[in-house]
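Visitor: There's a structure below that I have some questions on.
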Amino acid sequence: MAEAVRSLERTFELLEHLADAGGEMALSELTEVSGLPMPTIYRLMRTLVNHGYVRQEPSKRYALGPRLIRLGEGASRLLGS
């Protein structure tokens, strides 16, 4: 396996956990399913929120964000051709 960037692996794992849970989870739930320390998850999620890939609901739960649509649409176009 090629050398990986651990923080990116963790970030993509958190996005997958959100997707598997129907698109929305609390920080405590992400901590439980990922096994990562809460401060690590918080920092990664804040970065995703800042870039629009995740949003934070008024309930403080994290949800998949609108920037993911653009990525999905681009991948779909490429796979369809």
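By convention here, the chains of the structure tokens are called A, B, ... in the order presented, each chain's residues are numbered starting at 1, and ligands are numbered starting at 1 in the order presented.
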Excluding Ser34 (chain A) and residues on its chain fewer than 2 positions from it, collect all residues at most 9 Å away from it, counting only C-alpha atoms, and give them as a PDB file with N, CA and C atoms, in the first residue's frame.
Guide:
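Everything below was put into out_35.pdb:
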```
ATOM      1  N   ARG A  10      -8.369   9.535   8.141  1.00  0.00           N
ATOM      2  CA  ARG A  10      -9.338   9.723   9.230  1.00  0.00           C
ATOM      3  C   ARG A  10     -10.514  10.588   8.774  1.00  0.00           C
ATOM      4  N   GLU A  13     -12.787   8.572   6.589  1.00  0.00           N
ATOM      5  CA  GLU A  13     -13.503   7.612   7.429  1.00  0.00           C
ATOM      6  C   GLU A  13     -14.671   8.292   8.146  1.00  0.00           C
ATOM      7  N   LEU A  14     -14.465   9.507   8.642  1.00  0.00           N
ATOM      8  CA  LEU A  14     -15.547  10.230   9.308  1.00  0.00           C
ATOM      9  C   LEU A  14     -16.676  10.542   8.332  1.00  0.00           C
ATOM     10  N   HIS A  17     -18.605   7.373   7.871  1.00  0.00           N
ATOM     11  CA  HIS A  17     -19.465   7.116   9.035  1.00  0.00           C
ATOM     12  C   HIS A  17     -20.729   7.969   8.973  1.00  0.00           C
ATOM     13  N   GLU A  29     -21.204  10.368  18.939  1.00  0.00           N
ATOM     14  CA  GLU A  29     -21.435   9.177  18.116  1.00  0.00           C
ATOM     15  C   GLU A  29     -20.245   8.924  17.191  1.00  0.00           C
ATOM     16  N   LEU A  30     -19.701   9.990  16.622  1.00  0.00           N
ATOM     17  CA  LEU A  30     -18.520   9.841  15.769  1.00  0.00           C
ATOM     18  C   LEU A  30     -17.342   9.313  16.571  1.00  0.00           C
ATOM     19  N   THR A  31     -17.212   9.764  17.803  1.00  0.00           N
ATOM     20  CA  THR A  31     -16.146   9.280  18.675  1.00  0.00           C
ATOM     21  C   THR A  31     -16.304   7.783  18.921  1.00  0.00           C
ATOM     22  N   GLU A  32     -17.526   7.370  19.182  1.00  0.00           N
ATOM     23  CA  GLU A  32     -17.799   5.960  19.476  1.00  0.00           C
ATOM     24  C   GLU A  32     -17.507   5.053  18.280  1.00  0.00           C
ATOM     25  N   LEU A  36     -11.599   7.352  17.539  1.00  0.00           N
ATOM     26  CA  LEU A  36     -10.653   8.460  17.590  1.00  0.00           C
ATOM     27  C   LEU A  36     -10.949   9.345  18.799  1.00  0.00           C
ATOM     28  N   PRO A  37      -9.942  10.055  19.287  1.00  0.00           N
ATOM     29  CA  PRO A  37     -10.179  10.981  20.395  1.00  0.00           C
ATOM     30  C   PRO A  37     -11.087  12.134  19.961  1.00  0.00           C
ATOM     31  N   ILE A  41     -11.418  14.428  16.329  1.00  0.00           N
ATOM     32  CA  ILE A  41     -12.629  14.479  15.513  1.00  0.00           C
ATOM     33  C   ILE A  41     -13.123  15.911  15.396  1.00  0.00           C
TER      34      ILE A  41
END
```
Visitor: From a backbone DSSP assignment, name each residue in chain A labelled strand (DSSP E or B), as a VMD selection string.
Guide: chain A and resid 24 to 25 54 to 56 62 to 64
Visitor: Write to file, as a compact mmCIF listing (two decimals), in the first residue's frame, the residues of the selection just made, with all heavy atoms.
Guide:
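Result went into result_8.txt, see below:
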```txt
# COMPACT_ATOMS: atom_id res chain seq x y z
N GLU A 24 -26.07 12.18 9.22
CA GLU A 24 -26.01 13.08 10.38
C GLU A 24 -25.63 12.31 11.64
O GLU A 24 -26.16 11.23 11.89
CB GLU A 24 -27.37 13.74 10.55
CG GLU A 24 -27.42 14.79 11.63
CD GLU A 24 -28.78 15.46 11.70
OE1 GLU A 24 -29.16 16.11 10.71
OE2 GLU A 24 -29.44 15.30 12.73
N MET A 25 -24.70 12.89 12.42
CA MET A 25 -24.28 12.27 13.67
C MET A 25 -23.81 13.33 14.67
O MET A 25 -23.35 14.40 14.26
CB MET A 25 -23.10 11.30 13.45
CG MET A 25 -23.41 10.09 12.64
SD MET A 25 -21.96 9.03 12.42
CE MET A 25 -22.02 8.10 13.95
N VAL A 54 -19.13 19.49 5.33
CA VAL A 54 -19.98 19.10 6.45
C VAL A 54 -20.60 20.38 6.97
O VAL A 54 -20.03 21.46 6.84
CB VAL A 54 -19.14 18.40 7.56
CG1 VAL A 54 -19.94 18.21 8.84
CG2 VAL A 54 -18.63 17.05 7.07
N ARG A 55 -21.79 20.27 7.52
CA ARG A 55 -22.40 21.43 8.18
C ARG A 55 -22.77 21.04 9.61
O ARG A 55 -22.95 19.86 9.90
CB ARG A 55 -23.62 21.93 7.40
CG ARG A 55 -24.76 20.97 7.33
CD ARG A 55 -25.87 21.51 6.41
NE ARG A 55 -27.09 20.76 6.59
CZ ARG A 55 -27.34 19.57 6.07
NH1 ARG A 55 -26.44 18.98 5.30
NH2 ARG A 55 -28.47 18.95 6.30
N GLN A 56 -22.85 22.04 10.47
CA GLN A 56 -23.25 21.76 11.85
C GLN A 56 -24.66 22.30 12.04
O GLN A 56 -24.94 23.47 11.79
CB GLN A 56 -22.29 22.40 12.85
CG GLN A 56 -22.55 21.87 14.25
CD GLN A 56 -21.46 22.26 15.23
OE1 GLN A 56 -20.71 23.18 15.01
NE2 GLN A 56 -21.38 21.52 16.32
N TYR A 62 -23.50 16.96 13.37
CA TYR A 62 -22.82 17.20 12.10
C TYR A 62 -23.56 16.47 11.00
O TYR A 62 -24.02 15.35 11.18
CB TYR A 62 -21.37 16.74 12.17
CG TYR A 62 -20.52 17.60 13.07
CD1 TYR A 62 -20.27 17.24 14.38
CD2 TYR A 62 -19.99 18.80 12.60
CE1 TYR A 62 -19.49 18.04 15.21
CE2 TYR A 62 -19.22 19.61 13.42
CZ TYR A 62 -18.98 19.22 14.72
OH TYR A 62 -18.21 20.02 15.53
N ALA A 63 -23.67 17.13 9.84
CA ALA A 63 -24.38 16.55 8.70
C ALA A 63 -23.55 16.76 7.44
O ALA A 63 -22.77 17.71 7.34
CB ALA A 63 -25.75 17.20 8.54
N LEU A 64 -23.71 15.86 6.47
CA LEU A 64 -23.03 16.00 5.20
C LEU A 64 -23.41 17.35 4.57
O LEU A 64 -24.55 17.78 4.65
CB LEU A 64 -23.40 14.86 4.27
CG LEU A 64 -22.95 13.46 4.73
CD1 LEU A 64 -23.52 12.40 3.80
CD2 LEU A 64 -21.45 13.36 4.82
```
Visitor: Extract, using only C-alpha atoms, all DNA, RNA and protein residues at most 10 Å from His51 (chain A), discarding same-chain residues fewer than 5 positions from it, and format them as a PyMOL selection string.
Guide: chain A and resi 45-46+65-67
Visitor: Kindly export the residues of the current selection with all heavy atoms, as an mmCIF file, in the first residue's frame.
Guide:
```
data_model
loop_
_atom_site.group_PDB
_atom_site.id
_atom_site.type_symbol
_atom_site.label_atom_id
_atom_site.label_comp_id
_atom_site.auth_asym_id
_atom_site.auth_seq_id
_atom_site.Cartn_x
_atom_site.Cartn_y
_atom_site.Cartn_z
ATOM 1 N N MET A 45 -13.630 17.777 11.902
ATOM 2 C CA MET A 45 -14.981 18.205 11.527
ATOM 3 C C MET A 45 -15.039 19.715 11.322
ATOM 4 O O MET A 45 -15.709 20.197 10.409
ATOM 5 C CB MET A 45 -16.006 17.752 12.570
ATOM 6 C CG MET A 45 -16.117 16.239 12.698
ATOM 7 S SD MET A 45 -16.456 15.397 11.132
ATOM 8 C CE MET A 45 -18.176 15.755 10.935
ATOM 9 N N ARG A 46 -14.333 20.491 12.144
ATOM 10 C CA ARG A 46 -14.303 21.946 11.972
ATOM 11 C C ARG A 46 -13.704 22.298 10.612
ATOM 12 O O ARG A 46 -14.181 23.210 9.930
ATOM 13 C CB ARG A 46 -13.495 22.635 13.075
ATOM 14 C CG ARG A 46 -14.091 22.635 14.444
ATOM 15 C CD ARG A 46 -15.467 23.228 14.652
ATOM 16 N NE ARG A 46 -15.860 24.322 13.798
ATOM 17 C CZ ARG A 46 -17.121 24.558 13.396
ATOM 18 N NH1 ARG A 46 -18.101 23.775 13.782
ATOM 19 N NH2 ARG A 46 -17.418 25.574 12.626
ATOM 20 N N GLY A 65 -22.420 17.987 3.948
ATOM 21 C CA GLY A 65 -22.625 19.331 3.435
ATOM 22 C C GLY A 65 -22.792 19.424 1.931
ATOM 23 O O GLY A 65 -22.568 18.453 1.192
ATOM 24 N N PRO A 66 -23.163 20.598 1.464
ATOM 25 C CA PRO A 66 -23.490 20.800 0.052
ATOM 26 C C PRO A 66 -22.300 20.678 -0.904
ATOM 27 O O PRO A 66 -22.503 20.366 -2.077
ATOM 28 C CB PRO A 66 -24.072 22.221 0.017
ATOM 29 C CG PRO A 66 -23.551 22.891 1.247
ATOM 30 C CD PRO A 66 -23.376 21.803 2.264
ATOM 31 N N ARG A 67 -21.085 20.913 -0.449
ATOM 32 C CA ARG A 67 -19.936 20.806 -1.362
ATOM 33 C C ARG A 67 -19.738 19.376 -1.851
ATOM 34 O O ARG A 67 -19.117 19.151 -2.890
ATOM 35 C CB ARG A 67 -18.646 21.281 -0.688
ATOM 36 C CG ARG A 67 -18.554 22.734 -0.355
ATOM 37 C CD ARG A 67 -18.040 23.678 -1.427
ATOM 38 N NE ARG A 67 -16.906 23.347 -2.215
ATOM 39 C CZ ARG A 67 -15.677 23.807 -2.045
ATOM 40 N NH1 ARG A 67 -15.395 24.590 -1.036
ATOM 41 N NH2 ARG A 67 -14.725 23.483 -2.875
#
```
Visitor: I need the residues of chain A that end up classed as helix (DSSP H, G or I) by DSSP on the backbone, written out as a PyMOL selection string.
Guide: chain A and resi 6-20+27-34+38-50+67-80
Visitor: When distances are computed from only C-alpha atoms, which of A:Val5, A:Gly22, A:Glu16, A:Thr11 shows the smallest separation from Thr40 (chain A)?
Guide: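 Nearest to Thr40 (chain A): A:Thr11.
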Visitor: Of the candidates A:Leu78, A:Ala4, A:Glu73, A:Arg61, which shows the shortest atom-to-atom distance to Val49 (chain A), using only C-alpha atoms?
Guide: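 Among the listed residues, the smallest separation from Val49 (chain A) belongs to A:Arg61.
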Visitor: Please measure the separation of CA of Glu9 (chain A) and CA of Met38 (chain A), giving the value in Å to one decimal.
Guide: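 Computing it gives 16.2 Å between the two atoms.
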Visitor: Have a look at A:Leu15, A:Leu8, A:Ala75, A:Glu3 and name the one nearest to Tyr53 (chain A); count only C-alpha atoms.
Guide: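 Of A:Leu15, A:Leu8, A:Ala75, A:Glu3, the one nearest Tyr53 (chain A), counting only C-alpha atoms, is A:Leu15.
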Visitor: Nearest to Leu44 (chain A) among A:Ser28, A:Ser7, A:Ser59, A:Ser76, with distances taken over only C-alpha atoms: which residue is it?
Guide: A:Ser7
